[in-house]
Amino acid sequence: MDHTPPPFFNRGPAPLVRLAFFASLSLALLVLDARFRYTEGLRSVLSLAVYPLQTLATLPAALGQRIAGYFASQAQLREENSELRAKLLGASQSAQRFEAAQAETAQLRRLIGAADRLPLKATPAEILYNGRDPYSRKVVIDKGGQNGVTAGSPVVDENGVIGQVTRAHALLAEVTLLTDKEQAIPVQVVRNGLRAVAFGAGASGMLELRFMAANAEIQNGDKLVTSGIDGTYPPGLPVATVARVERDAAYAFARILCQPAAGVESGGYVLVLGAEPGRLAQPAEAGAEHDKRPGRTRKPRRKDGDATQ
Amino acid sequence: MQLSNPSGAQSILLPVRAGTILASLAAALLLNFLPWSSIALAPDFVALVLAFWCVRQPRLVGLGAGWVLGLLTDVGNGVLLGQHALAYSLLAFATSTLSRRILWFSLWGQALHVAALLLFAQGISALVRLAAGAEFPGWSIAVGPLFGAALWPLVSLLLLLPQRIPATVDETRAI
């Protein structure tokens with residue numbers, strides 16, 4: 001009576017129907033992720049499934065390092081040891097001076113009635129590998145949520161800021177480098193206190209100061225440090241040195257390129273700083289403006305995406 | 001469904017086992033997660049193995065498998081969720097559709113087809129990222145798929161090994 005084919009010829013929906021289904025599912029996920037950031041739950045569940053494979057994949061490199069460490073010669077180690085000791089001596093001396101200066105600063109701040117600056121928590125971490133995405137500049141470090149690393153924490157090396165944690169997994173964290181096209185950091189010129197925002201310039205490995213008037217007082221060799229007005233980066237960390245200033249009368253803004261101070265694209269060990277304690281609430285109108293355009297910025301993925309500006 | 005073996009004779013393949021497919025796909029994911037120094041130049045092993053099974057077993061491996069693998073790749077690489085899922089679904093669809101044609105060719109002829117298909121998949125994920133606002137990383141992203149296609153003969157030989165009838169002749173067998 002029924003004219004359906006026998007079950008052994010049944011192949012399910014037609015290929016084009018299946019393609020339409022899976023393609024629209026992917027597109028829906030893309031929009032949900034890129035625009036609204038609704039997919040973090042799904043991502044964390046799936047990342048648990050992928051984690052064993054990832055660990056297994058990084059195992060050979062880690063093992064190789066350990067074997068190489070085992071065979072390091074004694075002379076080499078002694079040389080390195082004495083070098084480190086000399087370095088420590090220099091560092092402890094500047095640390096003593098720093099402590100004295102810090103006490104002095106705290107006293108002065110109390111005199112002028114400013115809030116005390118609280119000490120930051122720092123977690124040392126090692127860069128495991130470069131991010132596997134040719135379209136962005138990221139590295140993966142070996143400390144994650146279990147070590148107190150949270151999304152939004154600044155990451156520095158011994159010379160300055162290298163970037164910001166943009167996604168913290170349980171045991172790993174992704175750090176977006178300053179040179180990423182979508183990463184921004186508020187800076188200040190040391191020489192005259194001029195404030196600006198530095199954006200990554202992408203593949204060139206440089207930073208760019210955007211929206212600086214053509215007659216802004218800035219010159220080659222100016223040192224840039226974090227201004228701390230965003231409440232994410234603590235103030236005074238070295239960021240970059242101005243490398244080139246192009247002033248063209250045809251444009252309202254100068255084109256300013258800076259060389260990062262830290263080894264943003266190189267280097268193995270970094271410090272993850274805790275988010276600034278005692279952070280102030282955002283001003284009311286800035287918050288309102290942010291609420292009006294919730295998905296506009298594609299800046300670092302974070303639950304509270306308001307800290308960069 | 002035959003592949004000329006090194007001796008030049010044709011051989012009949014054993015039916016594929018699901019375990020072989022799963023193990024090869026897991027191994028491909030593992031290879032992709034290795035810390036490659038330049039990710040743009042590294043071949044995409046998942047796309048390659050997925051294309052292989054879509055050509056050989058289009059009824060077992062297809063769009064669904066591609067989509068799930070794409071999702072896992074997206075999460076593992078920390079990129080936009082759905083980027084590789086879309087690319088691998090389209091790759092699986094194109095490969096399954098072309099599978100009858102591709103199998104007529106020699107291994108290097110197949111590799112040429114696969115090069116075009118892998119470039120197509122890479123182009124899809126590039127389109128997705130550029131639409132999402134990323135900058136174009138340069139034409140080096142086309143090198144990975146070409147390397148992948150060059151690996152096709154090797155991958156074919158390796159993945160078909162479990163299906164080959166052992167060469168030892170059983171003297172006591174009746175026929």
# chains A, B, ... in the order shown; residues from 1 in each chain; ligands from 1

$ interface_residues --of "chain B" --to "chain A" --cutoff "8 Å" --atoms "only C-alpha atoms" --output "number ranges by chain"
B: 29-31, 33-35, 37, 39-40, 63-64, 67, 72, 75-83, 85-86, 89-90, 93, 129, 132, 134-137, 141

$ write_last_selection --atoms "C-alpha atoms" --output "tab-separated table (two decimals), in the first residue's frame"
chain	number	residue	atom	x	y	z
B	29	LEU	CA	43.15	16.64	15.08
B	30	LEU	CA	46.24	15.82	17.14
B	31	LEU	CA	48.55	16.70	14.23
B	33	PHE	CA	47.16	20.82	17.48
B	34	LEU	CA	50.94	20.38	17.32
B	35	PRO	CA	52.64	23.71	18.03
B	37	SER	CA	55.83	27.54	14.18
B	39	ILE	CA	50.33	28.09	11.23
B	40	ALA	CA	49.69	29.54	7.76
B	63	LEU	CA	28.59	16.78	6.29
B	64	GLY	CA	27.78	15.92	9.90
B	67	TRP	CA	30.66	20.04	10.97
B	72	LEU	CA	36.25	21.04	17.61
B	75	VAL	CA	37.36	25.56	19.94
B	76	GLY	CA	40.86	24.10	19.98
B	77	ASN	CA	42.26	26.98	17.94
B	78	GLY	CA	40.30	29.60	19.85
B	79	VAL	CA	38.91	31.19	16.70
B	80	LEU	CA	35.42	32.34	15.79
B	81	LEU	CA	32.99	29.51	16.54
B	82	GLY	CA	31.58	28.20	13.25
B	83	GLN	CA	34.43	29.30	10.99
B	85	ALA	CA	32.53	24.22	10.88
B	86	LEU	CA	31.23	26.06	7.82
B	89	SER	CA	30.82	21.23	5.92
B	90	LEU	CA	31.23	22.78	2.48
B	93	PHE	CA	29.72	18.37	0.57
B	129	ARG	CA	37.28	36.06	8.98
B	132	ALA	CA	34.22	39.51	10.74
B	134	ALA	CA	40.17	40.59	10.55
B	135	GLU	CA	43.03	41.76	8.36
B	136	PHE	CA	44.20	39.65	5.42
B	137	PRO	CA	47.30	37.73	6.54
B	141	ILE	CA	47.58	30.97	3.69

$ select_by_dssp --residues "chain B" --states "helix (DSSP H, G or I)" --output "PyMOL selection string"
chain B and resi 18-33+45-56+63-77+83-102+107-131+139-150+152-163

$ atom_distance --atom1 "atom CA of Pro154 of chain A" --atom2 "atom CA of Glu99 of chain A"
22.4 Å

$ closest_residue --among "B:Gln57, B:Thr95, B:Ser106, B:Ser38" --to "Ala121 of chain B" --atoms "only C-alpha atoms"
B:Thr95

$ residues_around --residues "segment 161-164 of chain A" --least-positions-apart "2" --cutoff "10 Å" --atoms "only C-alpha atoms" --output "PyMOL selection string"
chain A and resi 137-139+150-159+166-167+174-180+183-185+225-226+232-233+237-240+260-267+270-273+300+308

$ residues_around --residues "segment 152-160 of chain B" --least-positions-apart "2" --cutoff "7 Å" --atoms "only C-alpha atoms" --output "MDAnalysis selection string"
chainID B and resid 107:108 111 148:150 162:164

$ write_last_selection --atoms "C-alpha atoms" --output "compact mmCIF listing (two decimals), in the first residue's frame"
# COMPACT_ATOMS: atom_id res chain seq x y z
CA LEU B 107 46.84 9.32 -7.09
CA TRP B 108 48.46 12.52 -8.41
CA ALA B 111 45.83 15.21 -5.45
CA GLY B 148 48.19 19.17 2.21
CA ALA B 149 47.36 18.14 -1.35
CA ALA B 150 50.98 17.05 -1.88
CA PRO B 162 44.17 -1.61 7.15
CA GLN B 163 41.80 -2.49 4.31
CA ARG B 164 44.28 -4.34 2.14

$ closest_residue --among "B:Gly138, B:Gly133, B:Gly66, B:Pro145" --to "Ala116 of chain B" --atoms "only C-alpha atoms"
B:Pro145

$ atom_distance --atom1 "atom CA of Gly274 of chain A" --atom2 "atom CA of Val149 of chain A"
7.3 Å

$ atom_distance --atom1 "atom CA of Ala28 of chain B" --atom2 "atom CA of Ala131 of chain B"
27.9 Å

$ residues_around --residues "Arg244 of chain A" --least-positions-apart "6" --cutoff "8 Å" --atoms "only C-alpha atoms" --output "JSON, numbers by chain"
{"A": [219, 220, 256, 257, 258]}

$ write_last_selection --atoms "C-alpha atoms" --output "CSV table (one decimal), in the first residue's frame"
chain,number,residue,atom,x,y,z
A,219,GLN,CA,58.4,63.3,18.4
A,220,ASN,CA,60.5,60.4,17.5
A,256,ILE,CA,52.3,57.9,14.4
A,257,LEU,CA,54.0,54.4,14.5
A,258,CYS,CA,55.6,53.1,17.6

$ decode --residues "segment 39-122 of chain B" --atoms "C-alpha atoms" --output "PDB file, in the first residue's frame"
ATOM      1  CA  ILE B  39      50.326  28.086  11.228  1.00  0.00           C
ATOM      2  CA  ALA B  40      49.686  29.538   7.765  1.00  0.00           C
ATOM      3  CA  LEU B  41      52.182  27.151   6.170  1.00  0.00           C
ATOM      4  CA  ALA B  42      51.198  23.999   8.061  1.00  0.00           C
ATOM      5  CA  PRO B  43      48.902  21.633   6.154  1.00  0.00           C
ATOM      6  CA  ASP B  44      45.414  21.192   7.555  1.00  0.00           C
ATOM      7  CA  PHE B  45      45.431  17.475   8.367  1.00  0.00           C
ATOM      8  CA  VAL B  46      41.809  17.414   9.501  1.00  0.00           C
ATOM      9  CA  ALA B  47      40.615  18.788   6.163  1.00  0.00           C
ATOM     10  CA  LEU B  48      42.838  16.317   4.342  1.00  0.00           C
ATOM     11  CA  VAL B  49      41.667  13.222   6.237  1.00  0.00           C
ATOM     12  CA  LEU B  50      38.061  14.393   6.104  1.00  0.00           C
ATOM     13  CA  ALA B  51      38.364  14.807   2.328  1.00  0.00           C
ATOM     14  CA  PHE B  52      39.905  11.331   2.094  1.00  0.00           C
ATOM     15  CA  TRP B  53      37.036   9.609   3.903  1.00  0.00           C
ATOM     16  CA  CYS B  54      34.456  11.679   2.024  1.00  0.00           C
ATOM     17  CA  VAL B  55      35.972  10.413  -1.227  1.00  0.00           C
ATOM     18  CA  ARG B  56      36.326   6.796  -0.092  1.00  0.00           C
ATOM     19  CA  GLN B  57      33.280   6.394   2.153  1.00  0.00           C
ATOM     20  CA  PRO B  58      30.787   9.142   1.267  1.00  0.00           C
ATOM     21  CA  ARG B  59      27.989   7.216   2.967  1.00  0.00           C
ATOM     22  CA  LEU B  60      29.784   6.917   6.310  1.00  0.00           C
ATOM     23  CA  VAL B  61      31.569  10.249   6.545  1.00  0.00           C
ATOM     24  CA  GLY B  62      29.942  13.421   5.316  1.00  0.00           C
ATOM     25  CA  LEU B  63      28.592  16.779   6.292  1.00  0.00           C
ATOM     26  CA  GLY B  64      27.784  15.920   9.902  1.00  0.00           C
ATOM     27  CA  ALA B  65      31.280  14.642  10.609  1.00  0.00           C
ATOM     28  CA  GLY B  66      32.756  17.700   8.911  1.00  0.00           C
ATOM     29  CA  TRP B  67      30.660  20.042  10.973  1.00  0.00           C
ATOM     30  CA  VAL B  68      31.557  18.399  14.292  1.00  0.00           C
ATOM     31  CA  LEU B  69      35.273  18.316  13.397  1.00  0.00           C
ATOM     32  CA  GLY B  70      35.076  21.967  12.379  1.00  0.00           C
ATOM     33  CA  LEU B  71      33.524  22.893  15.697  1.00  0.00           C
ATOM     34  CA  LEU B  72      36.252  21.037  17.609  1.00  0.00           C
ATOM     35  CA  THR B  73      38.919  22.770  15.514  1.00  0.00           C
ATOM     36  CA  ASP B  74      37.342  26.155  16.196  1.00  0.00           C
ATOM     37  CA  VAL B  75      37.359  25.563  19.936  1.00  0.00           C
ATOM     38  CA  GLY B  76      40.858  24.097  19.976  1.00  0.00           C
ATOM     39  CA  ASN B  77      42.262  26.975  17.944  1.00  0.00           C
ATOM     40  CA  GLY B  78      40.303  29.601  19.845  1.00  0.00           C
ATOM     41  CA  VAL B  79      38.907  31.191  16.701  1.00  0.00           C
ATOM     42  CA  LEU B  80      35.421  32.344  15.791  1.00  0.00           C
ATOM     43  CA  LEU B  81      32.987  29.510  16.540  1.00  0.00           C
ATOM     44  CA  GLY B  82      31.582  28.201  13.246  1.00  0.00           C
ATOM     45  CA  GLN B  83      34.434  29.304  10.995  1.00  0.00           C
ATOM     46  CA  HIS B  84      35.925  25.861  10.387  1.00  0.00           C
ATOM     47  CA  ALA B  85      32.525  24.221  10.881  1.00  0.00           C
ATOM     48  CA  LEU B  86      31.235  26.064   7.821  1.00  0.00           C
ATOM     49  CA  ALA B  87      34.407  25.467   5.810  1.00  0.00           C
ATOM     50  CA  TYR B  88      34.544  21.731   6.601  1.00  0.00           C
ATOM     51  CA  SER B  89      30.815  21.232   5.918  1.00  0.00           C
ATOM     52  CA  LEU B  90      31.232  22.778   2.480  1.00  0.00           C
ATOM     53  CA  LEU B  91      34.399  20.768   1.915  1.00  0.00           C
ATOM     54  CA  ALA B  92      32.619  17.539   2.879  1.00  0.00           C
ATOM     55  CA  PHE B  93      29.716  18.366   0.570  1.00  0.00           C
ATOM     56  CA  ALA B  94      31.939  19.169  -2.401  1.00  0.00           C
ATOM     57  CA  THR B  95      34.141  16.113  -1.841  1.00  0.00           C
ATOM     58  CA  SER B  96      31.232  13.683  -1.441  1.00  0.00           C
ATOM     59  CA  THR B  97      29.626  15.080  -4.591  1.00  0.00           C
ATOM     60  CA  LEU B  98      32.861  14.687  -6.563  1.00  0.00           C
ATOM     61  CA  SER B  99      33.923  11.381  -5.015  1.00  0.00           C
ATOM     62  CA  ARG B 100      32.888   9.201  -7.997  1.00  0.00           C
ATOM     63  CA  ARG B 101      34.811  11.448 -10.389  1.00  0.00           C
ATOM     64  CA  ILE B 102      37.930  11.747  -8.220  1.00  0.00           C
ATOM     65  CA  LEU B 103      38.357   7.973  -7.847  1.00  0.00           C
ATOM     66  CA  TRP B 104      38.774   7.580 -11.618  1.00  0.00           C
ATOM     67  CA  PHE B 105      42.074   9.412 -11.517  1.00  0.00           C
ATOM     68  CA  SER B 106      45.548   8.282 -10.509  1.00  0.00           C
ATOM     69  CA  LEU B 107      46.843   9.319  -7.091  1.00  0.00           C
ATOM     70  CA  TRP B 108      48.455  12.521  -8.411  1.00  0.00           C
ATOM     71  CA  GLY B 109      45.355  13.354 -10.420  1.00  0.00           C
ATOM     72  CA  GLN B 110      43.353  12.932  -7.240  1.00  0.00           C
ATOM     73  CA  ALA B 111      45.833  15.207  -5.448  1.00  0.00           C
ATOM     74  CA  LEU B 112      45.135  17.951  -8.000  1.00  0.00           C
ATOM     75  CA  HIS B 113      41.411  17.725  -7.280  1.00  0.00           C
ATOM     76  CA  VAL B 114      42.113  17.772  -3.560  1.00  0.00           C
ATOM     77  CA  ALA B 115      44.327  20.858  -3.904  1.00  0.00           C
ATOM     78  CA  ALA B 116      41.410  22.744  -5.442  1.00  0.00           C
ATOM     79  CA  LEU B 117      39.044  21.491  -2.731  1.00  0.00           C
ATOM     80  CA  LEU B 118      41.389  22.394   0.155  1.00  0.00           C
ATOM     81  CA  LEU B 119      41.993  25.845  -1.334  1.00  0.00           C
ATOM     82  CA  PHE B 120      38.227  26.251  -1.541  1.00  0.00           C
ATOM     83  CA  ALA B 121      37.845  25.372   2.161  1.00  0.00           C
ATOM     84  CA  GLN B 122      40.662  27.759   3.131  1.00  0.00           C
TER      85      GLN B 122
END
